[in-house]
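Next up, start_16.cif (mmCIF, C-alpha atoms and all ligand atoms):
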data_start
loop_
_atom_site.label_atom_id
_atom_site.label_comp_id
_atom_site.auth_asym_id
_atom_site.auth_seq_id
_atom_site.Cartn_x
_atom_site.Cartn_y
_atom_site.Cartn_z
CA MET S 15 28.15 -13.20 20.49
CA GLN S 16 26.40 -16.50 19.82
CA LEU S 17 24.46 -17.03 16.61
CA GLN S 18 21.47 -17.97 18.75
CA ASP S 19 21.47 -14.53 20.43
CA ILE S 20 21.46 -12.84 17.04
CA VAL S 21 18.65 -14.99 15.65
CA GLN S 22 16.62 -14.54 18.85
CA THR S 23 16.89 -10.76 18.66
CA TYR S 24 15.39 -10.76 15.18
CA GLU S 25 13.02 -13.68 15.77
CA LYS S 26 9.81 -11.64 15.42
CA ASP S 27 11.09 -9.96 12.26
CA LEU S 28 12.11 -13.28 10.73
CA ALA S 29 8.68 -14.71 11.57
CA ILE S 30 7.06 -11.91 9.55
CA VAL S 31 9.42 -12.64 6.64
CA GLU S 32 8.38 -16.28 6.97
CA SER S 33 4.71 -15.35 6.61
CA PHE S 34 5.55 -13.39 3.43
CA LEU S 35 7.37 -16.43 2.04
CA GLN S 36 4.42 -18.71 2.82
CA LYS S 37 1.76 -16.42 1.41
CA GLU S 38 3.56 -15.35 -1.75
CA GLN S 39 4.73 -18.76 -2.93
CA ASP S 40 1.17 -20.06 -3.11
CA SER S 41 -0.60 -20.80 -6.38
CA TYR S 42 -3.77 -22.57 -7.46
CA VAL S 43 -1.47 -24.80 -9.51
CA LYS S 44 -0.78 -27.14 -6.63
CA LEU S 45 2.50 -28.53 -7.96
CA ILE S 46 4.04 -25.07 -7.44
CA PRO S 47 3.50 -24.76 -3.65
CA GLU S 48 4.20 -28.48 -3.29
CA ILE S 49 7.71 -28.07 -4.70
CA SER S 50 8.40 -24.61 -3.30
CA ASN S 51 7.31 -25.72 0.18
CA HIS S 52 9.64 -28.67 -0.10
CA ILE S 53 12.63 -26.35 -0.44
CA ILE S 54 11.42 -23.29 1.49
CA MET S 55 10.51 -25.38 4.53
CA SER S 56 13.66 -27.52 4.44
CA GLY S 57 15.54 -25.76 7.23
CA GLY S 58 17.27 -22.93 5.38
CA LYS S 59 19.08 -20.68 7.82
CA ARG S 60 17.61 -17.41 6.46
CA ILE S 61 21.05 -15.80 6.61
CA ARG S 62 20.21 -13.26 3.92
CA PRO S 63 16.98 -11.97 5.54
CA LEU S 64 18.90 -11.83 8.83
CA LEU S 65 21.66 -9.78 7.20
CA LEU S 66 19.11 -7.32 5.85
CA MET S 67 17.56 -6.94 9.32
CA ILE S 68 20.90 -6.39 11.04
CA ALA S 69 22.21 -3.99 8.38
CA SER S 70 19.08 -1.82 8.51
CA ASP S 71 19.23 -1.90 12.32
CA LEU S 72 22.84 -0.72 12.17
CA PHE S 73 21.65 2.45 10.44
CA GLY S 74 18.58 2.86 12.64
CA TYR S 75 15.80 1.60 10.34
CA ARG S 76 13.26 -0.84 11.78
CA GLY S 77 10.27 -0.17 9.51
CA GLU S 78 7.85 -2.41 7.64
CA GLY S 79 9.77 -2.06 4.37
CA ARG S 80 12.28 -4.66 5.54
CA TYR S 81 9.91 -7.62 5.37
CA PRO S 82 8.94 -7.82 1.70
CA LEU S 83 12.53 -7.04 0.69
CA ALA S 84 13.95 -9.76 2.90
CA ALA S 85 11.44 -12.13 1.30
CA VAL S 86 12.54 -10.95 -2.17
CA ILE S 87 16.13 -11.91 -1.36
CA GLU S 88 15.17 -15.28 0.12
CA PHE S 89 12.95 -16.06 -2.91
CA ILE S 90 15.81 -15.27 -5.27
CA HIS S 91 18.12 -17.44 -3.19
CA THR S 92 15.61 -20.32 -3.19
CA ALA S 93 14.99 -20.02 -6.93
CA SER S 94 18.72 -20.09 -7.55
CA LEU S 95 19.07 -23.29 -5.50
CA LEU S 96 16.30 -25.02 -7.47
CA HIS S 97 18.05 -24.09 -10.70
CA ASP S 98 21.51 -24.85 -9.34
CA ASP S 99 20.53 -28.38 -8.33
CA VAL S 100 19.35 -29.02 -11.89
CA ILE S 101 22.62 -27.62 -13.29
CA ASP S 102 24.71 -29.66 -10.81
CA HIS S 103 22.61 -32.86 -11.05
CA ALA S 104 22.33 -32.77 -7.25
CA SER S 105 20.48 -35.45 -5.28
CA ILE S 106 20.45 -33.94 -1.81
CA ARG S 107 19.77 -30.41 -0.60
CA ARG S 108 19.58 -29.49 3.08
CA GLY S 109 19.60 -33.15 4.02
CA LYS S 110 16.56 -34.01 1.91
CA THR S 111 16.16 -35.49 -1.54
CA SER S 112 16.44 -32.51 -3.89
CA ALA S 113 13.44 -31.24 -5.87
CA ASN S 114 15.01 -32.14 -9.22
CA ARG S 115 15.37 -35.74 -8.02
CA LEU S 116 11.81 -35.92 -6.71
CA TRP S 117 9.92 -34.03 -9.43
CA GLY S 118 12.39 -33.85 -12.32
CA ASN S 119 14.31 -31.03 -13.98
CA ALA S 120 11.40 -29.41 -15.82
CA ALA S 121 9.29 -28.97 -12.70
CA SER S 122 12.30 -27.68 -10.72
CA VAL S 123 13.17 -25.10 -13.36
CA LEU S 124 9.57 -23.92 -13.61
CA VAL S 125 9.07 -23.55 -9.87
CA GLY S 126 12.43 -21.75 -9.69
CA ASP S 127 11.05 -19.40 -12.36
CA TYR S 128 7.86 -18.94 -10.36
CA LEU S 129 9.73 -18.01 -7.19
CA TYR S 130 12.06 -15.71 -9.11
CA ALA S 131 9.06 -13.97 -10.72
CA THR S 132 7.36 -13.81 -7.31
CA ALA S 133 10.42 -12.00 -5.99
CA TYR S 134 10.02 -9.37 -8.70
CA LYS S 135 6.28 -9.09 -8.01
CA LEU S 136 7.10 -8.35 -4.36
CA LEU S 137 9.82 -5.94 -5.40
CA THR S 138 7.26 -3.72 -7.13
CA GLU S 139 6.05 -2.79 -3.62
CA SER S 140 9.20 -0.72 -3.37
CA ASN S 141 9.27 2.43 -5.49
CA ASN S 142 12.91 2.99 -4.68
CA GLN S 143 15.03 2.73 -7.82
CA THR S 144 18.22 2.08 -5.85
CA VAL S 145 16.53 -0.94 -4.27
CA GLN S 146 15.37 -2.22 -7.64
CA ARG S 147 18.77 -1.69 -9.22
CA LEU S 148 20.53 -3.53 -6.39
CA VAL S 149 18.28 -6.57 -6.76
CA ALA S 150 18.68 -6.59 -10.54
CA TRP S 151 22.48 -6.24 -10.16
CA ALA S 152 22.57 -9.18 -7.79
CA THR S 153 20.52 -11.53 -9.99
CA THR S 154 22.24 -10.70 -13.28
CA THR S 155 25.64 -11.09 -11.60
CA MET S 156 24.65 -14.46 -10.12
CA VAL S 157 23.71 -15.75 -13.54
CA GLU S 158 27.03 -14.45 -14.91
CA GLY S 159 28.87 -16.25 -12.11
CA GLU S 160 27.07 -19.54 -12.76
CA THR S 161 27.66 -19.19 -16.49
CA ILE S 162 31.40 -18.56 -16.09
CA GLN S 163 31.50 -21.60 -13.81
CA LEU S 164 29.70 -23.64 -16.47
CA VAL S 165 32.15 -22.53 -19.16
CA LYS S 166 35.06 -23.37 -16.85
CA SER S 167 33.61 -26.73 -15.82
CA GLY S 168 36.20 -29.46 -16.29
CA ASP S 169 38.95 -26.84 -16.78
CA VAL S 170 41.66 -28.13 -14.46
CA ASN S 171 43.91 -25.12 -14.96
CA ILE S 172 41.60 -22.58 -13.34
CA THR S 173 43.44 -20.13 -11.07
CA GLU S 174 42.65 -19.02 -7.54
CA GLU S 175 41.79 -15.57 -8.90
CA GLU S 176 39.31 -17.02 -11.40
CA TYR S 177 37.79 -19.20 -8.69
CA LEU S 178 37.37 -16.21 -6.35
CA ALA S 179 35.81 -14.12 -9.13
CA ILE S 180 33.22 -16.85 -9.75
CA THR S 181 32.60 -17.18 -6.01
CA GLU S 182 32.04 -13.47 -5.66
CA LYS S 183 29.55 -13.45 -8.49
CA LYS S 184 27.56 -16.63 -7.92
CA THR S 185 27.33 -16.45 -4.11
CA ALA S 186 28.62 -13.28 -2.52
CA VAL S 187 26.61 -10.68 -4.45
CA LEU S 188 23.28 -11.78 -2.98
CA MET S 189 24.62 -11.43 0.55
CA ALA S 190 26.16 -8.10 -0.47
CA ALA S 191 22.78 -6.97 -1.83
CA ALA S 192 21.01 -8.04 1.39
CA CYS S 193 23.45 -5.96 3.47
CA ALA S 194 23.36 -3.00 1.08
CA LEU S 195 19.55 -3.01 1.01
CA GLY S 196 19.49 -2.59 4.80
CA ALA S 197 21.55 0.59 4.46
CA VAL S 198 19.45 1.84 1.53
CA LEU S 199 16.22 1.32 3.48
CA ALA S 200 17.71 3.37 6.29
CA GLU S 201 18.53 6.11 3.77
CA ALA S 202 22.16 5.88 4.81
CA PRO S 203 24.69 7.76 2.62
CA GLU S 204 26.14 6.05 -0.45
CA SER S 205 29.45 5.53 1.32
CA SER S 206 27.64 3.40 3.95
CA VAL S 207 25.84 1.42 1.26
CA ASP S 208 29.26 0.74 -0.26
CA LEU S 209 30.62 -0.41 3.08
CA MET S 210 27.70 -2.81 3.53
CA THR S 211 28.17 -4.12 -0.01
CA ARG S 212 31.84 -4.80 0.68
CA PHE S 213 31.05 -6.46 4.00
CA GLY S 214 28.44 -8.72 2.37
CA MET S 215 30.93 -9.65 -0.35
CA LYS S 216 33.56 -10.73 2.17
CA LEU S 217 30.97 -12.68 4.13
CA GLY S 218 29.68 -14.35 0.97
CA ILE S 219 33.15 -15.40 -0.14
CA THR S 220 33.79 -16.81 3.34
CA PHE S 221 30.54 -18.75 3.05
CA GLN S 222 31.33 -20.27 -0.35
CA VAL S 223 34.98 -21.11 0.41
CA THR S 224 33.83 -22.85 3.60
CA ASP S 225 31.09 -24.62 1.65
CA ASP S 226 33.61 -25.80 -0.95
CA THR S 227 35.88 -27.12 1.80
CA LEU S 228 33.02 -28.97 3.48
CA ASP S 229 32.30 -30.56 0.10
CA TYR S 230 35.53 -32.50 0.68
CA VAL S 231 35.67 -33.00 4.44
CA GLY S 232 32.15 -32.46 5.77
CA LEU S 233 29.89 -35.14 7.14
CA GLU S 234 26.98 -35.77 4.80
CA GLU S 235 24.42 -35.78 7.65
CA GLU S 236 25.62 -32.37 8.86
CA PHE S 237 26.43 -30.80 5.50
CA GLY S 238 23.10 -31.89 4.01
CA LYS S 239 24.66 -32.42 0.57
CA THR S 240 26.58 -35.19 -1.15
CA ILE S 241 30.27 -35.13 -0.22
CA GLY S 242 32.65 -35.02 -3.20
CA MET S 243 29.95 -33.61 -5.48
CA ASP S 244 32.19 -30.86 -6.89
CA ILE S 245 34.74 -33.37 -8.18
CA MET S 246 32.04 -35.49 -9.79
CA GLU S 247 30.82 -32.36 -11.59
CA GLY S 248 34.32 -31.34 -12.72
CA LYS S 249 34.16 -28.27 -10.47
CA MET S 250 37.59 -27.05 -9.34
CA THR S 251 37.45 -25.32 -5.97
CA LEU S 252 40.08 -23.71 -3.75
CA PRO S 253 41.36 -26.75 -1.79
CA LEU S 254 42.10 -28.62 -5.01
CA ILE S 255 43.40 -25.58 -6.92
CA TRP S 256 45.91 -25.00 -4.12
CA SER S 257 46.92 -28.64 -3.71
CA LEU S 258 47.58 -29.03 -7.42
CA ARG S 259 50.01 -26.13 -7.16
CA GLN S 260 51.75 -27.71 -4.18
CA GLY S 261 51.85 -31.40 -5.11
CA PRO S 262 54.27 -33.01 -7.59
CA PRO S 263 53.09 -32.61 -11.20
CA SER S 264 53.38 -36.37 -11.74
CA GLU S 265 50.70 -36.97 -9.10
CA GLY S 266 48.72 -33.89 -10.13
CA GLU S 267 48.31 -35.09 -13.72
CA GLY S 268 46.37 -38.16 -12.59
CA ILE S 269 44.13 -36.04 -10.36
CA LYS S 270 43.48 -33.59 -13.20
CA LYS S 271 42.43 -36.41 -15.51
CA ILE S 272 39.85 -37.63 -13.00
CA VAL S 273 38.37 -34.14 -12.53
CA ALA S 274 38.29 -33.37 -16.26
CA ALA S 275 36.45 -36.65 -16.99
CA LYS S 276 33.59 -35.67 -14.62
CA THR S 277 32.88 -39.30 -13.89
CA ALA S 278 34.69 -39.76 -10.56
CA ASP S 279 33.53 -42.76 -8.53
CA ASP S 280 33.78 -43.09 -4.73
CA GLY S 281 37.33 -44.47 -4.91
CA GLU S 282 38.52 -41.61 -7.10
CA VAL S 283 36.83 -39.03 -4.88
CA LYS S 284 38.68 -40.53 -1.90
CA GLU S 285 41.94 -40.43 -3.85
CA ILE S 286 41.45 -36.71 -4.51
CA VAL S 287 40.44 -35.96 -0.92
CA ASP S 288 43.62 -37.72 0.27
CA PHE S 289 45.68 -35.74 -2.25
CA ILE S 290 44.16 -32.48 -0.99
CA LYS S 291 44.79 -33.41 2.63
CA THR S 292 48.39 -34.39 1.87
CA TYR S 293 49.19 -31.10 0.18
CA GLY S 294 47.41 -28.83 2.66
CA GLY S 295 44.46 -27.71 0.50
CA ILE S 296 41.93 -27.82 3.33
CA ASP S 297 44.09 -25.77 5.70
CA TYR S 298 44.93 -23.32 2.95
CA ALA S 299 41.29 -22.77 1.95
CA LEU S 300 40.16 -22.35 5.56
CA GLY S 301 43.10 -19.99 6.17
CA ARG S 302 42.09 -17.96 3.15
CA ALA S 303 38.48 -17.89 4.38
CA GLY S 304 39.87 -16.69 7.73
CA GLN S 305 41.50 -13.75 5.95
CA PHE S 306 38.13 -12.80 4.42
CA VAL S 307 36.61 -13.01 7.92
CA GLU S 308 39.17 -10.50 9.18
CA GLU S 309 38.60 -8.21 6.20
CA ALA S 310 34.84 -8.34 6.84
CA LYS S 311 35.28 -7.49 10.50
CA ALA S 312 37.67 -4.62 9.69
CA ILE S 313 34.87 -2.99 7.65
CA ILE S 314 32.53 -3.07 10.66
CA ALA S 315 35.09 -2.21 13.36
CA PRO S 316 34.94 1.62 12.97
CA PHE S 317 31.16 1.75 13.63
CA PRO S 318 30.06 3.02 17.06
CA GLU S 319 29.20 0.39 19.66
CA SER S 320 25.74 -1.19 19.17
CA PHE S 321 24.00 -4.58 19.10
CA PRO S 322 23.83 -4.78 15.28
CA LYS S 323 27.51 -3.85 15.07
CA ASN S 324 28.44 -6.72 17.39
CA ALA S 325 26.14 -9.06 15.50
CA LEU S 326 27.88 -8.21 12.20
CA LEU S 327 31.26 -8.65 13.88
CA ALA S 328 30.26 -12.10 15.13
CA LEU S 329 28.62 -13.48 11.97
CA PRO S 330 31.78 -14.02 9.85
CA ASP S 331 33.30 -16.34 12.47
CA HIS S 332 30.07 -18.32 12.72
CA ILE S 333 30.04 -18.77 8.96
CA LEU S 334 33.67 -19.87 8.93
CA ASN S 335 33.26 -22.31 11.82
CA ARG S 336 30.01 -23.88 10.75
CA ASN S 337 29.81 -27.51 9.81
CA LEU S 338 26.67 -27.25 7.72
C1 LIG L 401 25.19 -22.80 -5.27
O1 LIG L 401 26.51 -23.02 -5.62
C2 LIG L 401 24.53 -21.85 -6.23
C3 LIG L 401 24.62 -20.52 -6.21
C4 LIG L 401 25.39 -19.84 -5.16
C5 LIG L 401 23.97 -19.61 -7.18
C6 LIG L 401 23.15 -20.24 -8.25
C7 LIG L 401 22.72 -19.22 -9.24
C8 LIG L 401 22.01 -19.46 -10.34
C9 LIG L 401 21.52 -20.80 -10.71
C10 LIG L 401 21.68 -18.32 -11.26
C11 LIG L 401 20.64 -17.38 -10.70
C12 LIG L 401 19.28 -17.92 -10.79
C13 LIG L 401 18.16 -17.24 -10.40
C14 LIG L 401 16.84 -17.88 -10.51
C15 LIG L 401 18.25 -15.88 -9.82
P1 LIG L 401 27.17 -24.45 -5.43
O2 LIG L 401 26.64 -25.38 -6.44
O3 LIG L 401 28.63 -24.27 -5.38
O4 LIG L 401 26.69 -24.82 -3.97
P2 LIG L 401 25.83 -26.05 -3.48
O5 LIG L 401 26.84 -27.03 -3.01
O6 LIG L 401 25.01 -25.49 -2.34
O7 LIG L 401 24.99 -26.54 -4.58
MG MG L 402 25.31 -26.83 -6.51
#
Take the structure from the file and write it as structure tokens.
Ligand code: FPP
Ligand code: MG
Amino acid sequence: MQLQDIVQTYEKDLAIVESFLQKEQDSYVKLIPEISNHIIMSGGKRIRPLLLMIASDLFGYRGEGRYPLAAVIEFIHTASLLHDDVIDHASIRRGKTSANRLWGNAASVLVGDYLYATAYKLLTESNNQTVQRLVAWATTTMVEGETIQLVKSGDVNITEEEYLAITEKKTAVLMAAACALGAVLAEAPESSVDLMTRFGMKLGITFQVTDDTLDYVGLEEEFGKTIGMDIMEGKMTLPLIWSLRQGPPSEGEGIKKIVAAKTADDGEVKEIVDFIKTYGGIDYALGRAGQFVEEAKAIIAPFPESFPKNALLALPDHILNRNL
């Protein structure tokens, strides 16, 4: 199933989510909608709202309760990107100059706070404690993930397990929450909520591992972010973690020094990309992402035949094979 077919099926629902996003991000303090519009309208793929729609559809729920919740998740995602770009000193997001670059760190943090608070305002429309707990779990876990990553920044001895734990926390939980919320809205049994959580986790890890690979080998125009950014920030991701284990220590030591210094220039970034390519880091990371794709699909496989089932089966491959 093509991604386009999936998006088209939920087009009307996503348009309603869009109207929630537009309406709720507004404020009389004009700097707030100016900045939030910059990021909200910058071509985000709305994967998380889509996941919530498909997951609730899988369990037979197509009610109004989906829209504000999908907006809650997208607001949290957007807020986290505003904050993340400050943390990472990013210059480009979704192919545009990032908000922190255009308006500065203080404004970016504040508008991130506004969108995060807006998410919680919208969340009060749901009286369901399971829903509220899921959202709170996702956000606290994301902050934990980012904080572990911060503590580990420049640590060149980070293991694959540590990397995957960070990935799960900073990225995958929000996708897991989006999927789980669909099942909760449909009043599906706890075991189904668990299945959706696990599926979202696998999908989220696939997304981040692919993203981290594209950081080395993507094309800036397609990826919409600066290539080699992770190295410049001292962030060790799977392709490099693997290649350092494979390559000769004598070569690895030089690479480690560059990463730990967090001041890599274009030449050093190229040196590291070449090192990773030589020792198979890209293939390994994509292969590992492929395993998560299979694990995600295996969770969905036992469900009876339906459109949402096939959509969930198709999504992991699209995430793995994307180039942006
Ligand atoms: C992108 O990672 C960032 C995240 C997946 C999560 C960021 C989370 C926070 C800042 C904490 C939560 C904050 C709020 C307001 C809920 P990346 O830097 O690897 O990816 P990138 O290349 O897209 O920047
Ligand atoms: Mg970042």
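Selection of all polymer residues within 9 Å of ligand MG 402 (chain L) on the basis of only C-alpha atoms and all ligand atoms gives Leu95, His97, Asp98, Asp99, Val100, Ile101, Asp102, His103, Ala104, Arg107, Met243 and Asp244 of chain S.
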Could you report the residues within 9 Å of ligand LIG 401 (chain L), using all atoms listed in the file, as a PyMOL selection string? chain S and resi 89-102+104+107-108+123+126-127+129-131+152-161+181+183-186+188+222+225-226+229+239-240+243-244+249+251
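Atom CA of Ala303 of chain S to atom CA of Tyr24 of chain S spans 26.5 Å [interatomic distance, one decimal].
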Might you pull out every residue within 10 Å of segment 202-219 of chain S, with only C-alpha atoms counted and same-chain residues fewer than 4 positions away left off, and present them as an MDAnalysis selection string? chainID S and resid 62 65:66 69:70 72:75 148 178:198 223:225 302:303 305:314 326 329:331 333:334
Dig up all the protein and nucleic acid residues within 12 Å of (10.3, -4.2, 1.2) in the file frame, using only C-alpha atoms, and format them as a ChimeraX atom specification. /S:30-31,34,63,66-67,70,76-87,133-142,145-146,149,192,195-196,198-200
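Rounded to one decimal, atom CA of Asp297 of chain S and atom CA of Ile255 of chain S lie 12.6 Å from each other.
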Interatomic distance (Å, one decimal) between atom CA of Asn51 of chain S and atom CA of Ser33 of chain S: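 Taking atom CA of Asn51 of chain S and atom CA of Ser33 of chain S, their separation equals 12.5 Å.
In this comparison, which uses all atoms listed in the file, the residue of S:Asn171, S:Thr227, S:Thr292, S:Ser50 approaching Gln36 of chain S most closely is S:Ser50.
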Need the shell around Ile269 of chain S: protein/DNA/RNA residues with any atom at most 8 Å away, counting all atoms listed in the file. Skip same-chain ones fewer than 4 positions apart. Format as a list in words?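 Near Ile269 of chain S, the qualifying residues are Glu265, Val273 and Ile286 of chain S.
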With only C-alpha atoms as the basis for distance, which of S:Glu247, S:Glu176, S:Asp19, S:Glu319 is at the shortest distance from Val283 of chain S?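 With only C-alpha atoms as the atom set, the closest residue is S:Glu247.
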Counting all atoms listed in the file, which of S:Lys26, S:Ser112, S:Glu201, S:Asp288 gets nearest to Ile54 of chain S? S:Ser112
Neighbours of point (24.8, -13.0, 14.0) within 9 Å, using only C-alpha atoms, written as an MDAnalysis selection string: chainID S and resid 15:21 61 64:65 68 322 324:330 332
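Comparing the minimum interatomic distances between Thr220 of chain S and each of S:Gly304, S:Val170, S:Trp117, S:Glu32, counting all atoms listed in the file, we find that S:Gly304 sits nearest.
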Test item: residues at most 12 Å from Ile172 of chain S, all atoms listed in the file, excluding those fewer than 2 positions along its chain, as a list in words: Ile162, Gln163, Val165, Lys166, Ser167, Gly168, Asp169, Val170, Glu174, Glu175, Glu176, Tyr177, Leu178, Ala179, Ile180, Gly248, Lys249, Met250, Thr251, Leu252, Leu254, Ile255, Trp256, Leu258, Arg259, Lys270 and Ala274 of chain S
Nearest candidate to Gly261 of chain S (options S:Gly294, S:Pro47, S:Gly109, S:Pro318; using all atoms listed in the file):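 The answer is S:Gly294, which sits nearest to Gly261 of chain S.
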Using all atoms listed in the file, can you tell me which of S:Pro263, S:Asp71, S:Glu48, S:Gln143 comes closest to Leu116 of chain S? S:Glu48
Taking the partial coordinates given, rebuild segment 283-299 of chain S to contain N, CA, C and O atoms; return it as a PDB file, keeping the file's coordinate frame.
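Below you can see rebuild_35.pdb, which holds the result:
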ATOM      1  N   VAL S 283      37.092 -40.179  -5.756  1.00  0.00           N
ATOM      2  CA  VAL S 283      36.830 -39.030  -4.880  1.00  0.00           C
ATOM      3  C   VAL S 283      37.745 -39.129  -3.655  1.00  0.00           C
ATOM      4  O   VAL S 283      38.384 -38.156  -3.249  1.00  0.00           O
ATOM      5  N   LYS S 284      37.849 -40.341  -3.085  1.00  0.00           N
ATOM      6  CA  LYS S 284      38.680 -40.530  -1.900  1.00  0.00           C
ATOM      7  C   LYS S 284      40.150 -40.234  -2.236  1.00  0.00           C
ATOM      8  O   LYS S 284      40.865 -39.597  -1.455  1.00  0.00           O
ATOM      9  N   GLU S 285      40.560 -40.687  -3.415  1.00  0.00           N
ATOM     10  CA  GLU S 285      41.940 -40.430  -3.850  1.00  0.00           C
ATOM     11  C   GLU S 285      42.229 -38.924  -3.892  1.00  0.00           C
ATOM     12  O   GLU S 285      43.282 -38.460  -3.444  1.00  0.00           O
ATOM     13  N   ILE S 286      41.254 -38.161  -4.396  1.00  0.00           N
ATOM     14  CA  ILE S 286      41.450 -36.710  -4.510  1.00  0.00           C
ATOM     15  C   ILE S 286      41.418 -36.054  -3.126  1.00  0.00           C
ATOM     16  O   ILE S 286      42.222 -35.166  -2.835  1.00  0.00           O
ATOM     17  N   VAL S 287      40.498 -36.520  -2.274  1.00  0.00           N
ATOM     18  CA  VAL S 287      40.440 -35.960  -0.920  1.00  0.00           C
ATOM     19  C   VAL S 287      41.767 -36.212  -0.198  1.00  0.00           C
ATOM     20  O   VAL S 287      42.318 -35.309   0.455  1.00  0.00           O
ATOM     21  N   ASP S 288      42.320 -37.404  -0.349  1.00  0.00           N
ATOM     22  CA  ASP S 288      43.620 -37.720   0.270  1.00  0.00           C
ATOM     23  C   ASP S 288      44.722 -36.816  -0.277  1.00  0.00           C
ATOM     24  O   ASP S 288      45.567 -36.323   0.471  1.00  0.00           O
ATOM     25  N   PHE S 289      44.693 -36.616  -1.589  1.00  0.00           N
ATOM     26  CA  PHE S 289      45.680 -35.740  -2.250  1.00  0.00           C
ATOM     27  C   PHE S 289      45.600 -34.332  -1.658  1.00  0.00           C
ATOM     28  O   PHE S 289      46.616 -33.715  -1.311  1.00  0.00           O
ATOM     29  N   ILE S 290      44.370 -33.836  -1.525  1.00  0.00           N
ATOM     30  CA  ILE S 290      44.160 -32.480  -0.990  1.00  0.00           C
ATOM     31  C   ILE S 290      44.655 -32.388   0.447  1.00  0.00           C
ATOM     32  O   ILE S 290      45.314 -31.410   0.834  1.00  0.00           O
ATOM     33  N   LYS S 291      44.350 -33.432   1.215  1.00  0.00           N
ATOM     34  CA  LYS S 291      44.790 -33.410   2.630  1.00  0.00           C
ATOM     35  C   LYS S 291      46.312 -33.445   2.705  1.00  0.00           C
ATOM     36  O   LYS S 291      46.935 -32.734   3.498  1.00  0.00           O
ATOM     37  N   THR S 292      46.935 -34.273   1.864  1.00  0.00           N
ATOM     38  CA  THR S 292      48.390 -34.390   1.870  1.00  0.00           C
ATOM     39  C   THR S 292      49.074 -33.066   1.563  1.00  0.00           C
ATOM     40  O   THR S 292      50.082 -32.715   2.171  1.00  0.00           O
ATOM     41  N   TYR S 293      48.514 -32.320   0.611  1.00  0.00           N
ATOM     42  CA  TYR S 293      49.190 -31.100   0.180  1.00  0.00           C
ATOM     43  C   TYR S 293      48.584 -29.823   0.772  1.00  0.00           C
ATOM     44  O   TYR S 293      48.797 -28.715   0.264  1.00  0.00           O
ATOM     45  N   GLY S 294      47.818 -29.986   1.847  1.00  0.00           N
ATOM     46  CA  GLY S 294      47.410 -28.830   2.660  1.00  0.00           C
ATOM     47  C   GLY S 294      46.275 -27.982   2.093  1.00  0.00           C
ATOM     48  O   GLY S 294      46.091 -26.835   2.524  1.00  0.00           O
ATOM     49  N   GLY S 295      45.524 -28.507   1.142  1.00  0.00           N
ATOM     50  CA  GLY S 295      44.460 -27.710   0.500  1.00  0.00           C
ATOM     51  C   GLY S 295      43.350 -27.285   1.444  1.00  0.00           C
ATOM     52  O   GLY S 295      42.801 -26.184   1.310  1.00  0.00           O
ATOM     53  N   ILE S 296      43.015 -28.149   2.395  1.00  0.00           N
ATOM     54  CA  ILE S 296      41.930 -27.820   3.330  1.00  0.00           C
ATOM     55  C   ILE S 296      42.374 -26.662   4.243  1.00  0.00           C
ATOM     56  O   ILE S 296      41.664 -25.659   4.389  1.00  0.00           O
ATOM     57  N   ASP S 297      43.578 -26.825   4.810  1.00  0.00           N
ATOM     58  CA  ASP S 297      44.090 -25.770   5.700  1.00  0.00           C
ATOM     59  C   ASP S 297      44.251 -24.451   4.952  1.00  0.00           C
ATOM     60  O   ASP S 297      43.945 -23.384   5.481  1.00  0.00           O
ATOM     61  N   TYR S 298      44.737 -24.553   3.721  1.00  0.00           N
ATOM     62  CA  TYR S 298      44.930 -23.320   2.950  1.00  0.00           C
ATOM     63  C   TYR S 298      43.590 -22.615   2.708  1.00  0.00           C
ATOM     64  O   TYR S 298      43.461 -21.407   2.928  1.00  0.00           O
ATOM     65  N   ALA S 299      42.589 -23.381   2.252  1.00  0.00           N
ATOM     66  CA  ALA S 299      41.290 -22.770   1.950  1.00  0.00           C
ATOM     67  C   ALA S 299      40.664 -22.170   3.202  1.00  0.00           C
ATOM     68  O   ALA S 299      40.135 -21.045   3.162  1.00  0.00           O
TER      69      ALA S 299
END
